[in-house]
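Q: Please read through the structure below; I'll follow up with questions.
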Amino acid sequence: MKSIFILLTKSDTYVSRIIRLVTADTYTHASISFDESLQPLYSFSRKYVNKPLPAGLQTESLTTGFFEKYHYIPCALYELRVDDAIYYRAKAHVEHMMTEVSTYQFNVLGLFLCRLNIPFRRNRRYFCSEFVSEVLDKSNALTLPKRPSLMRPNDYTKIPLLACRFEGRLDNLLQVKRIG
């Protein structure tokens, strides 16, 4: 058995504030990792720390860039235990996407339609939780409660197969994990 990790966060950026305002969700961003050290994390996120766009498929580090600047934000770390074949299938899917990183874009329209509960799949475009959901769905790691294009970060907190391993501030997670 191996573990896939999902990190949920809530920053105090304007985009995150708007998402919280319209959804009332606790978490507004989702990332996935295949290593207990959470290095690297993968997600669809901003390319530059201080600008929400452009955004796209990124590797994220908890000790540099965006998470370094917002080290105090609330987060929750979830673990999904899967058999080796599923783990390697999910990891290979993400690694393949990373080889074609320039062909992927952020799904701004999908983000708005998700809030309206309108499923809408765009080729090679994702928002953060849609990406994580698609990886889990395509690898058969998890049966999702809804389509990937309708999954929001908060939805992961309600999936019984995901075990919450940490909830608190990001800088405290870094201390627990001894990352850095």
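Each chain in the structure tokens gets a letter, A, B and so on, in the order shown; residues start at 1 in every chain, and ligands are counted from 1 in the order they appear.
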Please run DSSP on the backbone and report, as a count of residues only, all residues within stretch 5-180 of chain A that come out as helix (DSSP H, G or I).
A: 70
Q: Might you pull out every residue within 6 Å of stretch 74-84 of chain A, with only C-alpha atoms counted and same-chain residues fewer than 2 positions away left off, and present them as a list in words?
A: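 The contact residues come out as Met1, Lys2, Ser3, Ile4, Phe5, Ile6, Leu7, Leu8, Thr9, Lys10, Ile86, Tyr87, Leu162, Ala163, Cys164, Arg165, Phe166, Glu167, Gly168, Arg169 and Leu170 of chain A.
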Q: Report as a ChimeraX atom specification all protein, DNA and RNA residues lying within 8 Å of A:Ser45, evaluated on only C-alpha atoms, omitting residues in the same chain fewer than 6 positions from it.
A: /A:52,55-58,106,127-128
Q: Of the candidates A:Val101, A:Leu150, A:Leu173, A:Leu38, which one gets nearest to A:Ile118 if we count only C-alpha atoms?
A: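 When distances to A:Ile118 are compared using only C-alpha atoms, the smallest one comes from A:Leu150.
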Q: Enumerate, as JSON, numbers by chain, the complete set of residues in stretch 9-139 of chain A that a backbone-based DSSP assignment places in strand (DSSP E).
A: {"A": [9, 29, 30, 31, 32, 33, 41, 42, 43, 44, 45, 46, 47, 48, 51, 52, 53, 54, 55, 56, 57, 58, 59, 60, 74, 75, 76, 77, 78, 79, 80, 81, 82, 105, 106, 125, 126]}
Q: Export, as an mmCIF file, in the first residue's frame, the selected residues with N, CA and C atoms.
A:
```cif
data_model
loop_
_atom_site.group_PDB
_atom_site.id
_atom_site.type_symbol
_atom_site.label_atom_id
_atom_site.label_comp_id
_atom_site.auth_asym_id
_atom_site.auth_seq_id
_atom_site.Cartn_x
_atom_site.Cartn_y
_atom_site.Cartn_z
ATOM 1 N N THR A 9 -5.847 24.281 1.316
ATOM 2 C CA THR A 9 -5.412 25.528 1.934
ATOM 3 C C THR A 9 -6.446 26.631 1.707
ATOM 4 N N HIS A 29 -8.246 25.978 -2.013
ATOM 5 C CA HIS A 29 -7.215 25.481 -2.927
ATOM 6 C C HIS A 29 -6.890 24.036 -2.577
ATOM 7 N N ALA A 30 -6.626 23.235 -3.616
ATOM 8 C CA ALA A 30 -6.259 21.829 -3.428
ATOM 9 C C ALA A 30 -5.003 21.515 -4.234
ATOM 10 N N SER A 31 -4.124 20.727 -3.622
ATOM 11 C CA SER A 31 -2.903 20.254 -4.264
ATOM 12 C C SER A 31 -2.763 18.773 -3.969
ATOM 13 N N ILE A 32 -1.972 18.077 -4.783
ATOM 14 C CA ILE A 32 -1.767 16.644 -4.614
ATOM 15 C C ILE A 32 -0.272 16.339 -4.581
ATOM 16 N N SER A 33 0.098 15.355 -3.776
ATOM 17 C CA SER A 33 1.485 14.919 -3.707
ATOM 18 C C SER A 33 1.526 13.397 -3.575
ATOM 19 N N LEU A 41 4.442 19.222 -4.532
ATOM 20 C CA LEU A 41 2.991 19.271 -4.629
ATOM 21 C C LEU A 41 2.669 19.666 -6.064
ATOM 22 N N TYR A 42 1.563 19.180 -6.585
ATOM 23 C CA TYR A 42 1.129 19.535 -7.937
ATOM 24 C C TYR A 42 -0.253 20.159 -7.841
ATOM 25 N N SER A 43 -0.469 21.183 -8.650
ATOM 26 C CA SER A 43 -1.785 21.799 -8.694
ATOM 27 C C SER A 43 -1.888 22.718 -9.898
ATOM 28 N N PHE A 44 -3.071 23.224 -10.100
ATOM 29 C CA PHE A 44 -3.285 24.302 -11.053
ATOM 30 C C PHE A 44 -3.383 25.560 -10.209
ATOM 31 N N SER A 45 -2.394 26.416 -10.371
ATOM 32 C CA SER A 45 -2.302 27.587 -9.508
ATOM 33 C C SER A 45 -1.581 28.716 -10.223
ATOM 34 N N ARG A 46 -1.468 29.820 -9.522
ATOM 35 C CA ARG A 46 -0.819 31.015 -10.083
ATOM 36 C C ARG A 46 0.646 30.722 -10.399
ATOM 37 N N LYS A 47 1.133 31.359 -11.455
ATOM 38 C CA LYS A 47 2.535 31.198 -11.838
ATOM 39 C C LYS A 47 3.439 32.170 -11.085
ATOM 40 N N TYR A 48 2.873 33.302 -10.637
ATOM 41 C CA TYR A 48 3.632 34.317 -9.925
ATOM 42 C C TYR A 48 2.971 34.589 -8.585
ATOM 43 N N LYS A 51 0.454 37.615 -8.449
ATOM 44 C CA LYS A 51 -0.540 37.786 -9.515
ATOM 45 C C LYS A 51 -1.363 36.512 -9.666
ATOM 46 N N PRO A 52 -2.701 36.631 -9.670
ATOM 47 C CA PRO A 52 -3.530 35.432 -9.815
ATOM 48 C C PRO A 52 -3.457 34.819 -11.217
ATOM 49 N N LEU A 53 -3.195 35.648 -12.209
ATOM 50 C CA LEU A 53 -3.070 35.154 -13.582
ATOM 51 C C LEU A 53 -1.780 35.705 -14.164
ATOM 52 N N PRO A 54 -1.100 34.951 -14.988
ATOM 53 C CA PRO A 54 -1.489 33.654 -15.526
ATOM 54 C C PRO A 54 -1.377 32.555 -14.473
ATOM 55 N N ALA A 55 -2.105 31.495 -14.728
ATOM 56 C CA ALA A 55 -2.095 30.324 -13.858
ATOM 57 C C ALA A 55 -2.122 29.082 -14.729
ATOM 58 N N GLY A 56 -1.700 27.987 -14.171
ATOM 59 C CA GLY A 56 -1.680 26.733 -14.918
ATOM 60 C C GLY A 56 -1.111 25.613 -14.071
ATOM 61 N N LEU A 57 -0.730 24.538 -14.707
ATOM 62 C CA LEU A 57 -0.160 23.379 -14.020
ATOM 63 C C LEU A 57 1.188 23.777 -13.433
ATOM 64 N N GLN A 58 1.330 23.577 -12.124
ATOM 65 C CA GLN A 58 2.531 23.992 -11.404
ATOM 66 C C GLN A 58 2.973 22.927 -10.412
ATOM 67 N N THR A 59 4.263 22.925 -10.126
ATOM 68 C CA THR A 59 4.725 22.247 -8.919
ATOM 69 C C THR A 59 4.776 23.329 -7.847
ATOM 70 N N GLU A 60 4.351 22.964 -6.670
ATOM 71 C CA GLU A 60 4.324 23.905 -5.559
ATOM 72 C C GLU A 60 5.252 23.397 -4.461
ATOM 73 N N PRO A 74 -4.455 28.717 7.011
ATOM 74 C CA PRO A 74 -5.045 27.451 7.443
ATOM 75 C C PRO A 74 -4.886 26.386 6.360
ATOM 76 N N CYS A 75 -4.699 25.143 6.809
ATOM 77 C CA CYS A 75 -4.583 24.037 5.867
ATOM 78 C C CYS A 75 -5.082 22.752 6.516
ATOM 79 N N ALA A 76 -5.307 21.769 5.662
ATOM 80 C CA ALA A 76 -5.645 20.420 6.115
ATOM 81 C C ALA A 76 -4.966 19.449 5.170
ATOM 82 N N LEU A 77 -4.345 18.439 5.732
ATOM 83 C CA LEU A 77 -3.658 17.418 4.946
ATOM 84 C C LEU A 77 -4.419 16.105 5.064
ATOM 85 N N TYR A 78 -4.786 15.550 3.920
ATOM 86 C CA TYR A 78 -5.512 14.282 3.862
ATOM 87 C C TYR A 78 -4.660 13.230 3.186
ATOM 88 N N GLU A 79 -4.820 12.000 3.643
ATOM 89 C CA GLU A 79 -4.087 10.865 3.092
ATOM 90 C C GLU A 79 -5.071 9.842 2.544
ATOM 91 N N LEU A 80 -4.769 9.353 1.361
ATOM 92 C CA LEU A 80 -5.550 8.281 0.737
ATOM 93 C C LEU A 80 -4.631 7.090 0.548
ATOM 94 N N ARG A 81 -4.939 5.987 1.184
ATOM 95 C CA ARG A 81 -4.152 4.755 1.034
ATOM 96 C C ARG A 81 -4.700 3.987 -0.167
ATOM 97 N N VAL A 82 -3.795 3.621 -1.068
ATOM 98 C CA VAL A 82 -4.178 2.896 -2.283
ATOM 99 C C VAL A 82 -3.174 1.788 -2.547
ATOM 100 N N GLN A 105 -3.760 24.931 -19.295
ATOM 101 C CA GLN A 105 -4.119 26.274 -18.837
ATOM 102 C C GLN A 105 -5.117 26.180 -17.693
ATOM 103 N N PHE A 106 -5.267 27.284 -17.001
ATOM 104 C CA PHE A 106 -6.220 27.364 -15.898
ATOM 105 C C PHE A 106 -7.635 27.498 -16.453
ATOM 106 N N ARG A 125 -7.621 22.090 -19.662
ATOM 107 C CA ARG A 125 -7.842 23.226 -18.760
ATOM 108 C C ARG A 125 -8.468 22.696 -17.469
ATOM 109 N N TYR A 126 -7.892 23.142 -16.361
ATOM 110 C CA TYR A 126 -8.356 22.691 -15.050
ATOM 111 C C TYR A 126 -8.274 23.839 -14.058
#
```
Q: Atom CA of A:Arg89 and atom CA of A:Lys138 are how many Å apart?
A: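 Going from atom CA of A:Arg89 over to atom CA of A:Lys138, I get 8.6 Å.
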Q: Considering only C-alpha atoms, can you say which of A:Gln39, A:Thr99, A:Tyr88, A:Val108 comes closest to A:Val15?
A: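 Nearest to A:Val15: A:Val108.
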Q: Nearest to A:Pro153: which of A:Gly65, A:Pro119, A:Ile19, A:Thr13 is it, counting only C-alpha atoms?
A: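 Using only C-alpha atoms, A:Pro153 sits closest to A:Ile19.
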Q: Which residue is closest to A:Asn154? Choose from A:Ala24, A:Leu116, A:Ile73, A:Leu111 and count only C-alpha atoms.
A: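 Comparing A:Ala24, A:Leu116, A:Ile73, A:Leu111 against A:Asn154, the winner is A:Ala24.
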Q: Restricting the calculation to only C-alpha atoms: of A:Asn50, A:Thr23, A:Ser11, A:Ser139, which residue gets closest to A:Ala92?
A: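 When distances to A:Ala92 are compared using only C-alpha atoms, the smallest one comes from A:Ser139.
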Q: Ranking A:Val49, A:Leu136, A:Leu142, A:Leu113 by minimum distance to A:Lys91 and counting only C-alpha atoms, which one comes first?
A: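 Smallest distance to A:Lys91 is found for A:Leu136.
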Q: How many Å lie between atom CA of A:Ser16 and atom CA of A:Lys158, rounded to one decimal?
A: 20.3 Å
